[in-house]
file my_file37.txt (compact mmCIF, C-alpha atoms)
# COMPACT_ATOMS: atom_id res chain seq x y z
CA MET A 1 -81.21 -29.47 138.24
CA LYS A 2 -78.00 -30.98 136.86
CA THR A 3 -79.91 -33.79 135.22
CA TYR A 4 -82.32 -31.33 133.62
CA LEU A 5 -79.47 -29.26 132.19
CA ILE A 6 -77.80 -32.29 130.63
CA ILE A 7 -81.06 -33.32 128.96
CA LEU A 8 -81.61 -29.80 127.66
CA LEU A 9 -78.14 -29.65 126.13
CA CYS A 10 -78.64 -32.97 124.39
CA LEU A 11 -81.96 -31.83 122.93
CA THR A 12 -80.60 -28.58 121.53
CA PHE A 13 -77.29 -29.83 120.14
CA SER A 14 -77.35 -29.45 116.36
CA GLU A 15 -74.99 -32.19 115.20
CA GLY A 16 -75.95 -35.84 114.92
CA PHE A 17 -73.79 -38.85 115.67
CA ALA A 18 -76.32 -41.65 116.27
CA ALA A 19 -76.20 -42.81 112.65
CA GLU A 20 -73.01 -44.14 111.05
CA VAL A 21 -72.50 -40.91 109.10
CA ASN A 22 -72.65 -37.47 110.67
CA TYR A 23 -75.22 -34.82 109.95
CA THR A 24 -76.15 -31.28 110.98
CA ILE A 25 -79.70 -30.20 111.79
CA HIS A 26 -81.27 -26.86 110.90
CA GLY A 27 -84.89 -26.16 111.83
CA ASP A 28 -87.47 -28.03 113.88
CA GLY A 29 -90.55 -28.03 111.68
CA GLU A 30 -92.93 -30.88 110.91
CA LYS A 31 -91.70 -31.49 107.37
CA LYS A 32 -88.45 -33.44 107.55
CA VAL A 33 -85.82 -33.12 104.82
CA ILE A 34 -82.50 -34.95 104.36
CA VAL A 35 -79.96 -33.17 102.14
CA LEU A 36 -76.82 -34.62 100.51
CA HIS A 37 -73.83 -32.96 98.87
CA SER A 38 -71.83 -33.59 95.69
CA TRP A 39 -68.55 -35.36 94.91
CA MET A 40 -66.57 -32.09 95.22
CA ASP A 41 -68.35 -30.62 98.27
CA ASP A 42 -69.41 -31.31 101.84
CA TYR A 43 -72.42 -30.14 103.86
CA GLU A 44 -71.06 -26.60 104.07
CA SER A 45 -71.64 -26.09 100.34
CA TRP A 46 -75.33 -25.79 101.27
CA LYS A 47 -74.82 -23.03 103.84
CA PRO A 48 -75.74 -20.14 101.48
CA ILE A 49 -79.34 -21.37 101.23
CA ILE A 50 -79.92 -21.86 104.96
CA PRO A 51 -80.88 -18.21 105.74
CA HIS A 52 -83.56 -18.48 103.04
CA LEU A 53 -85.21 -21.69 104.26
CA ASP A 54 -88.38 -21.83 106.34
CA LEU A 55 -86.97 -23.47 109.45
CA GLN A 56 -90.27 -23.27 111.34
CA GLN A 57 -92.15 -25.49 108.88
CA HIS A 58 -89.18 -27.70 108.00
CA ALA A 59 -86.34 -29.57 109.69
CA TYR A 60 -83.28 -30.18 107.52
CA ALA A 61 -80.64 -32.84 108.17
CA PHE A 62 -77.54 -32.06 106.09
CA MET A 63 -75.44 -35.22 105.78
CA ASP A 64 -71.69 -35.53 105.35
CA LEU A 65 -71.13 -38.65 103.25
CA ARG A 66 -68.49 -41.23 104.17
CA GLY A 67 -65.09 -39.72 103.43
CA TYR A 68 -66.24 -36.08 103.73
CA ALA A 69 -65.85 -33.44 106.47
CA LYS A 70 -67.41 -34.70 109.75
CA SER A 71 -67.64 -38.19 108.22
CA LYS A 72 -64.15 -38.07 106.67
CA HIS A 73 -62.87 -40.82 108.98
CA ILE A 74 -65.77 -43.21 108.23
CA LYS A 75 -64.82 -45.94 105.78
CA GLY A 76 -67.17 -47.80 103.49
CA GLN A 77 -67.81 -49.42 100.13
CA TYR A 78 -68.67 -46.03 98.56
CA THR A 79 -71.60 -47.26 96.48
CA SER A 80 -75.07 -45.88 95.79
CA ASP A 81 -76.56 -48.71 97.87
CA GLU A 82 -74.43 -47.69 100.84
CA ILE A 83 -75.36 -44.01 100.55
CA ALA A 84 -79.04 -44.96 100.30
CA ASN A 85 -78.76 -47.15 103.38
CA ASP A 86 -77.01 -44.33 105.25
CA ILE A 87 -79.93 -42.04 104.37
CA PHE A 88 -82.38 -44.41 106.01
CA LYS A 89 -80.07 -44.81 109.03
CA VAL A 90 -80.03 -41.05 109.52
CA ALA A 91 -83.82 -40.96 109.29
CA ASP A 92 -84.03 -43.79 111.83
CA ALA A 93 -81.61 -42.04 114.20
CA LEU A 94 -83.79 -38.92 114.04
CA GLY A 95 -87.04 -40.86 114.40
CA TRP A 96 -88.28 -39.65 111.01
CA LYS A 97 -90.75 -42.22 109.68
CA GLU A 98 -91.37 -40.13 106.54
CA PHE A 99 -89.15 -37.51 104.96
CA TYR A 100 -88.26 -35.58 101.83
CA LEU A 101 -84.91 -36.02 100.13
CA VAL A 102 -82.55 -33.65 98.29
CA GLY A 103 -79.41 -34.84 96.48
CA HIS A 104 -76.83 -32.90 94.51
CA SER A 105 -74.80 -34.24 91.55
CA MET A 106 -73.25 -37.56 92.67
CA SER A 107 -75.80 -37.70 95.49
CA GLY A 108 -78.49 -36.98 92.92
CA MET A 109 -77.72 -40.48 91.69
CA ALA A 110 -77.81 -41.85 95.25
CA VAL A 111 -81.24 -40.39 96.02
CA GLN A 112 -82.57 -42.18 92.94
CA LYS A 113 -81.24 -45.44 94.39
CA ALA A 114 -82.87 -44.55 97.73
CA ALA A 115 -86.22 -44.21 95.94
CA LEU A 116 -85.65 -47.61 94.36
CA LEU A 117 -84.91 -49.23 97.74
CA ASP A 118 -87.73 -47.44 99.58
CA THR A 119 -89.99 -50.46 99.96
CA SER A 120 -91.89 -48.87 102.86
CA SER A 121 -92.67 -45.62 100.96
CA ARG A 122 -90.95 -43.44 103.55
CA ILE A 123 -89.69 -40.88 101.01
CA LYS A 124 -92.49 -38.46 100.11
CA LYS A 125 -90.73 -36.46 97.37
CA ILE A 126 -87.21 -36.08 95.97
CA VAL A 127 -85.35 -33.06 94.62
CA ALA A 128 -82.40 -33.99 92.38
CA VAL A 129 -80.12 -30.97 91.88
CA THR A 130 -77.95 -31.23 88.73
CA PRO A 131 -77.95 -35.01 89.27
CA VAL A 132 -75.87 -37.81 87.85
CA SER A 133 -78.17 -40.14 85.93
CA SER A 134 -79.23 -43.51 87.29
CA ALA A 135 -77.37 -44.80 84.21
CA GLY A 136 -74.19 -43.20 85.54
CA PHE A 137 -71.85 -40.66 83.94
CA PRO A 138 -69.47 -42.79 81.88
CA VAL A 139 -66.37 -41.01 80.58
CA ASP A 140 -63.50 -41.80 78.21
CA ASP A 141 -59.98 -42.60 79.44
CA GLU A 142 -58.69 -39.04 79.09
CA THR A 143 -61.61 -37.57 81.03
CA MET A 144 -61.23 -40.25 83.69
CA LYS A 145 -57.58 -39.21 84.15
CA PHE A 146 -58.77 -35.64 84.65
CA PHE A 147 -61.30 -36.60 87.32
CA LYS A 148 -58.77 -38.73 89.17
CA ALA A 149 -56.30 -35.84 89.03
CA ILE A 150 -58.84 -33.61 90.79
CA VAL A 151 -58.44 -35.62 94.01
CA GLN A 152 -56.23 -33.73 96.51
CA ASN A 153 -55.09 -31.27 93.85
CA GLU A 154 -56.28 -27.66 94.25
CA GLU A 155 -55.10 -26.57 90.80
CA VAL A 156 -56.98 -29.30 88.92
CA SER A 157 -59.98 -28.94 91.24
CA ASN A 158 -60.07 -25.24 90.34
CA LYS A 159 -60.24 -26.18 86.65
CA ALA A 160 -63.09 -28.58 87.35
CA PHE A 161 -65.17 -25.99 89.20
CA ARG A 162 -64.67 -23.65 86.24
CA ALA A 163 -65.72 -26.35 83.75
CA PHE A 164 -68.96 -26.98 85.64
CA THR A 165 -69.92 -23.29 85.85
CA SER A 166 -68.90 -22.11 82.34
CA ASN A 167 -65.95 -20.26 83.90
CA ARG A 168 -68.15 -17.25 84.70
CA LEU A 169 -67.68 -16.82 88.47
CA SER A 170 -65.02 -14.96 90.45
CA GLY A 171 -61.47 -16.23 90.83
CA THR A 172 -61.88 -15.97 94.60
CA TRP A 173 -64.89 -18.32 94.55
CA TYR A 174 -62.98 -20.88 92.48
CA MET A 175 -59.98 -20.64 94.79
CA ASN A 176 -62.08 -21.06 97.94
CA ARG A 177 -64.10 -23.96 96.56
CA SER A 178 -61.04 -25.89 95.36
CA LYS A 179 -59.24 -25.31 98.67
CA ARG A 180 -62.27 -26.48 100.64
CA HIS A 181 -62.66 -29.51 98.38
CA VAL A 182 -59.12 -30.70 99.11
CA GLU A 183 -59.38 -29.99 102.85
CA VAL A 184 -62.57 -31.93 103.58
CA THR A 185 -62.23 -35.03 101.38
CA ASP A 186 -60.58 -38.39 101.87
CA ALA A 187 -58.67 -39.40 98.72
CA GLN A 188 -59.55 -43.10 98.95
CA ALA A 189 -63.24 -42.31 99.26
CA GLN A 190 -63.26 -39.86 96.37
CA LEU A 191 -61.51 -42.27 94.03
CA ALA A 192 -63.96 -45.01 94.97
CA TYR A 193 -66.96 -42.74 94.40
CA ILE A 194 -65.70 -42.12 90.85
CA LYS A 195 -66.31 -45.80 90.16
CA MET A 196 -69.82 -45.44 91.57
CA TRP A 197 -70.97 -42.50 89.45
CA SER A 198 -69.14 -43.53 86.27
CA GLU A 199 -69.94 -47.27 86.23
CA GLU A 200 -73.14 -48.00 88.14
CA ASN A 201 -76.28 -48.30 86.03
CA PHE A 202 -79.73 -49.06 87.42
CA ALA A 203 -81.75 -46.95 84.96
CA ASP A 204 -84.02 -49.77 83.80
CA ARG A 205 -85.18 -50.39 87.36
CA MET A 206 -86.10 -46.73 87.92
CA ARG A 207 -89.16 -47.07 85.69
CA THR A 208 -90.93 -48.81 88.59
CA VAL A 209 -90.42 -45.85 90.97
CA LYS A 210 -93.56 -43.84 91.80
CA THR A 211 -91.92 -41.22 94.06
CA PRO A 212 -92.42 -37.66 92.72
CA PHE A 213 -89.18 -36.05 91.51
CA LEU A 214 -88.15 -32.46 90.86
CA VAL A 215 -85.06 -32.41 88.62
CA LEU A 216 -83.09 -29.16 88.54
CA SER A 217 -80.55 -28.32 85.85
CA GLY A 218 -78.32 -25.27 85.48
CA GLN A 219 -78.18 -23.10 82.38
CA TYR A 220 -74.37 -22.82 82.62
CA ASP A 221 -73.60 -26.38 83.72
CA HIS A 222 -71.30 -28.84 81.96
CA PRO A 223 -72.93 -30.09 78.69
CA GLY A 224 -73.43 -33.53 80.24
CA PHE A 225 -75.86 -32.12 82.80
CA ILE A 226 -78.00 -29.68 80.81
CA GLN A 227 -81.79 -30.00 80.87
CA ASP A 228 -82.08 -31.99 77.63
CA LYS A 229 -79.72 -34.60 79.09
CA GLN A 230 -81.73 -34.71 82.32
CA LYS A 231 -85.01 -35.18 80.46
CA LYS A 232 -83.45 -38.07 78.57
CA ALA A 233 -82.11 -39.59 81.81
CA PHE A 234 -85.50 -39.48 83.55
CA GLU A 235 -87.71 -40.48 80.61
CA GLY A 236 -90.09 -43.29 81.38
CA MET A 237 -90.69 -42.17 84.98
CA GLU A 238 -94.24 -41.07 85.76
CA HIS A 239 -93.87 -38.20 88.22
CA VAL A 240 -91.02 -35.88 87.21
CA ILE A 241 -90.95 -32.08 86.96
CA PHE A 242 -88.00 -30.31 85.28
CA ILE A 243 -86.80 -26.78 86.02
CA ASP A 244 -83.79 -25.17 84.37
CA ILE A 245 -82.18 -22.56 86.63
CA GLU A 246 -81.08 -19.47 84.77
CA ASN A 247 -77.76 -17.90 85.77
CA SER A 248 -76.56 -21.07 87.47
CA GLY A 249 -74.12 -23.81 86.62
CA HIS A 250 -73.66 -27.07 88.51
CA PHE A 251 -73.81 -25.51 91.99
CA PRO A 252 -77.09 -23.56 92.41
CA MET A 253 -76.86 -23.76 96.21
CA GLN A 254 -73.86 -21.45 95.82
CA GLU A 255 -74.75 -19.60 92.61
CA THR A 256 -78.49 -18.94 93.10
CA PRO A 257 -79.21 -19.83 96.75
CA ILE A 258 -82.39 -17.78 97.24
CA PHE A 259 -84.06 -19.20 94.15
CA LEU A 260 -82.96 -22.75 94.99
CA ALA A 261 -84.32 -22.53 98.55
CA ALA A 262 -87.66 -21.21 97.28
CA THR A 263 -87.88 -23.85 94.54
CA ILE A 264 -87.13 -26.76 96.86
CA GLU A 265 -89.68 -25.66 99.46
CA ALA A 266 -92.36 -24.88 96.86
CA PHE A 267 -92.06 -28.45 95.56
CA ILE A 268 -92.11 -29.92 99.07
CA ASN A 269 -95.08 -27.83 100.17
CA GLU A 270 -97.31 -28.02 97.09

call {"tool": "encode", "arguments": {"input": "my_file37.txt", "output": "structure tokens"}}
result
Amino acid sequence: MKTYLIILLCLTFSEGFAAEVNYTIHGDGEKKVIVLHSWMDDYESWKPIIPHLDLQQHAYAFMDLRGYAKSKHIKGQYTSDEIANDIFKVADALGWKEFYLVGHSMSGMAVQKAALLDTSSRIKKIVAVTPVSSAGFPVDDETMKFFKAIVQNEEVSNKAFRAFTSNRLSGTWYMNRSKRHVEVTDAQAQLAYIKMWSEENFADRMRTVKTPFLVLSGQYDHPGFIQDKQKKAFEGMEHVIFIDIENSGHFPMQETPIFLAATIEAFINE
């Protein structure tokens, strides 16, 4: 009886530690989905959509990247190659031979790299939510100073959240998001990831990728992420669908969670 109870507890525990990075599982359906967060968030930023997901048809593994939340203590090189490799390690730890992939902002860049490195065609489809381009998001010196100042600074983080949502949400939301951002991030990791999303460029190689993509933009996002910019970033790829989310900025999982959940699952299931 004791042995049976131990096995049962292991099977029902919702957090994963077998891969190098940590992840949290929701659902136990046949369609497997790995979800990644942005540079300013951790897995919990996705929580508003969870009540609206079909957890009988799908199983979702929400990753915490190196330097964030449950993976805050895990060091690394903080590159798109490393994130992509961590995605496949999570899939291996879960025994998922095939899976769908969702990446937000900075991780939207990383899921593009995962598609590029997917030599065994394990990734069935990819949803890129307000993604950084595979050509990166290069910025001038003054803007770079601003992004570096965001790290471990609630006041500047608050300004950044406002800039990426057209300053149209509640002061309480901005306060909570900036506080959470500072609490769950490792400064060294965040600074290193800036180099990743501002300097890496593998756009020319993406033209060989055949994986179907859904690219989501937000009507009230920063000008660098609007739909016209996304269409330019993904031109030349064969299988890309674009949807612009009305009444959302850079964070639709927080701003329009019901619509985002429905849109992701419609793309996966079609």

call {"tool": "residues_around", "arguments": {"input": "my_file37.txt", "residues": "Trp39 in chain A", "least_positions_apart": "5", "cutoff": "8 Å", "atoms": "only C-alpha atoms", "output": "number ranges by chain"}}
result
A: 105-107, 190, 193

call {"tool": "residues_around", "arguments": {"input": "my_file37.txt", "residues": "His37 in chain A", "least_positions_apart": "3", "cutoff": "8 Å", "atoms": "all atoms listed in the file", "output": "mmCIF file with C-alpha atoms, in the coordinates of the input"}}
result
data_model
loop_
_atom_site.group_PDB
_atom_site.id
_atom_site.type_symbol
_atom_site.label_atom_id
_atom_site.label_comp_id
_atom_site.auth_asym_id
_atom_site.auth_seq_id
_atom_site.Cartn_x
_atom_site.Cartn_y
_atom_site.Cartn_z
ATOM 1 C CA ASP A 41 -68.350 -30.620 98.270
ATOM 2 C CA ASP A 42 -69.410 -31.310 101.840
ATOM 3 C CA TYR A 43 -72.420 -30.140 103.860
ATOM 4 C CA SER A 45 -71.640 -26.090 100.340
ATOM 5 C CA TRP A 46 -75.330 -25.790 101.270
ATOM 6 C CA MET A 63 -75.440 -35.220 105.780
ATOM 7 C CA ASP A 64 -71.690 -35.530 105.350
ATOM 8 C CA LEU A 65 -71.130 -38.650 103.250
ATOM 9 C CA GLY A 103 -79.410 -34.840 96.480
ATOM 10 C CA HIS A 104 -76.830 -32.900 94.510
ATOM 11 C CA SER A 105 -74.800 -34.240 91.550
ATOM 12 C CA MET A 106 -73.250 -37.560 92.670
ATOM 13 C CA SER A 107 -75.800 -37.700 95.490
#

call {"tool": "residues_around", "arguments": {"input": "my_file37.txt", "residues": "Ser198 in chain A", "least_positions_apart": "5", "cutoff": "7 Å", "atoms": "all atoms listed in the file", "output": "ChimeraX atom specification"}}
result
/A:136-139

call {"tool": "atom_distance", "arguments": {"input": "my_file37.txt", "atom1": "CA of Ala203 in chain A", "atom2": "CA of Val111 in chain A"}}
result
12.9 Å

call {"tool": "closest_atom_pairs", "arguments": {"input": "my_file37.txt", "of": "range 220-241 of chain A", "to": "range 112-129 of chain A", "cutoff": "10 Å", "atoms": "only C-alpha atoms", "output": "tab-separated table"}}
result
residue	atom	partner	partner_atom	distance
A:His239	CA	A:Lys125	CA	9.8
A:Val240	CA	A:Ile126	CA	9.6
A:Ile241	CA	A:Val127	CA	9.5

call {"tool": "closest_residue", "arguments": {"input": "my_file37.txt", "among": "A:Asp86, A:Ser133, A:Lys47, A:Glu20", "to": "Lys231 in chain A", "atoms": "all atoms listed in the file"}}
result
A:Ser133

call {"tool": "closest_residue", "arguments": {"input": "my_file37.txt", "among": "A:Thr165, A:Ala261, A:Met196, A:Ile268", "to": "Tyr220 in chain A", "atoms": "only C-alpha atoms"}}
result
A:Thr165

call {"tool": "closest_residue", "arguments": {"input": "my_file37.txt", "among": "A:Gly76, A:Pro48, A:Gly171, A:Pro223", "to": "Asp186 in chain A", "atoms": "all atoms listed in the file"}}
result
A:Gly76

call {"tool": "closest_residue", "arguments": {"input": "my_file37.txt", "among": "A:Phe213, A:Phe88, A:Phe62, A:Trp96", "to": "Glu30 in chain A", "atoms": "all atoms listed in the file"}}
result
A:Trp96

call {"tool": "atom_distance", "arguments": {"input": "my_file37.txt", "atom1": "CA of Phe251 in chain A", "atom2": "CA of Thr208 in chain A"}}
result
29.1 Å

call {"tool": "closest_residue", "arguments": {"input": "my_file37.txt", "among": "A:Val209, A:Leu36, A:Leu101, A:Met109", "to": "Asp81 in chain A", "atoms": "only C-alpha atoms"}}
result
A:Met109

call {"tool": "closest_residue", "arguments": {"input": "my_file37.txt", "among": "A:Ile243, A:Ala262, A:Ile87, A:Val151", "to": "Ala189 in chain A", "atoms": "all atoms listed in the file"}}
result
A:Val151

call {"tool": "atom_distance", "arguments": {"input": "my_file37.txt", "atom1": "CA of Met40 in chain A", "atom2": "CA of Gly27 in chain A"}}
result
25.4 Å
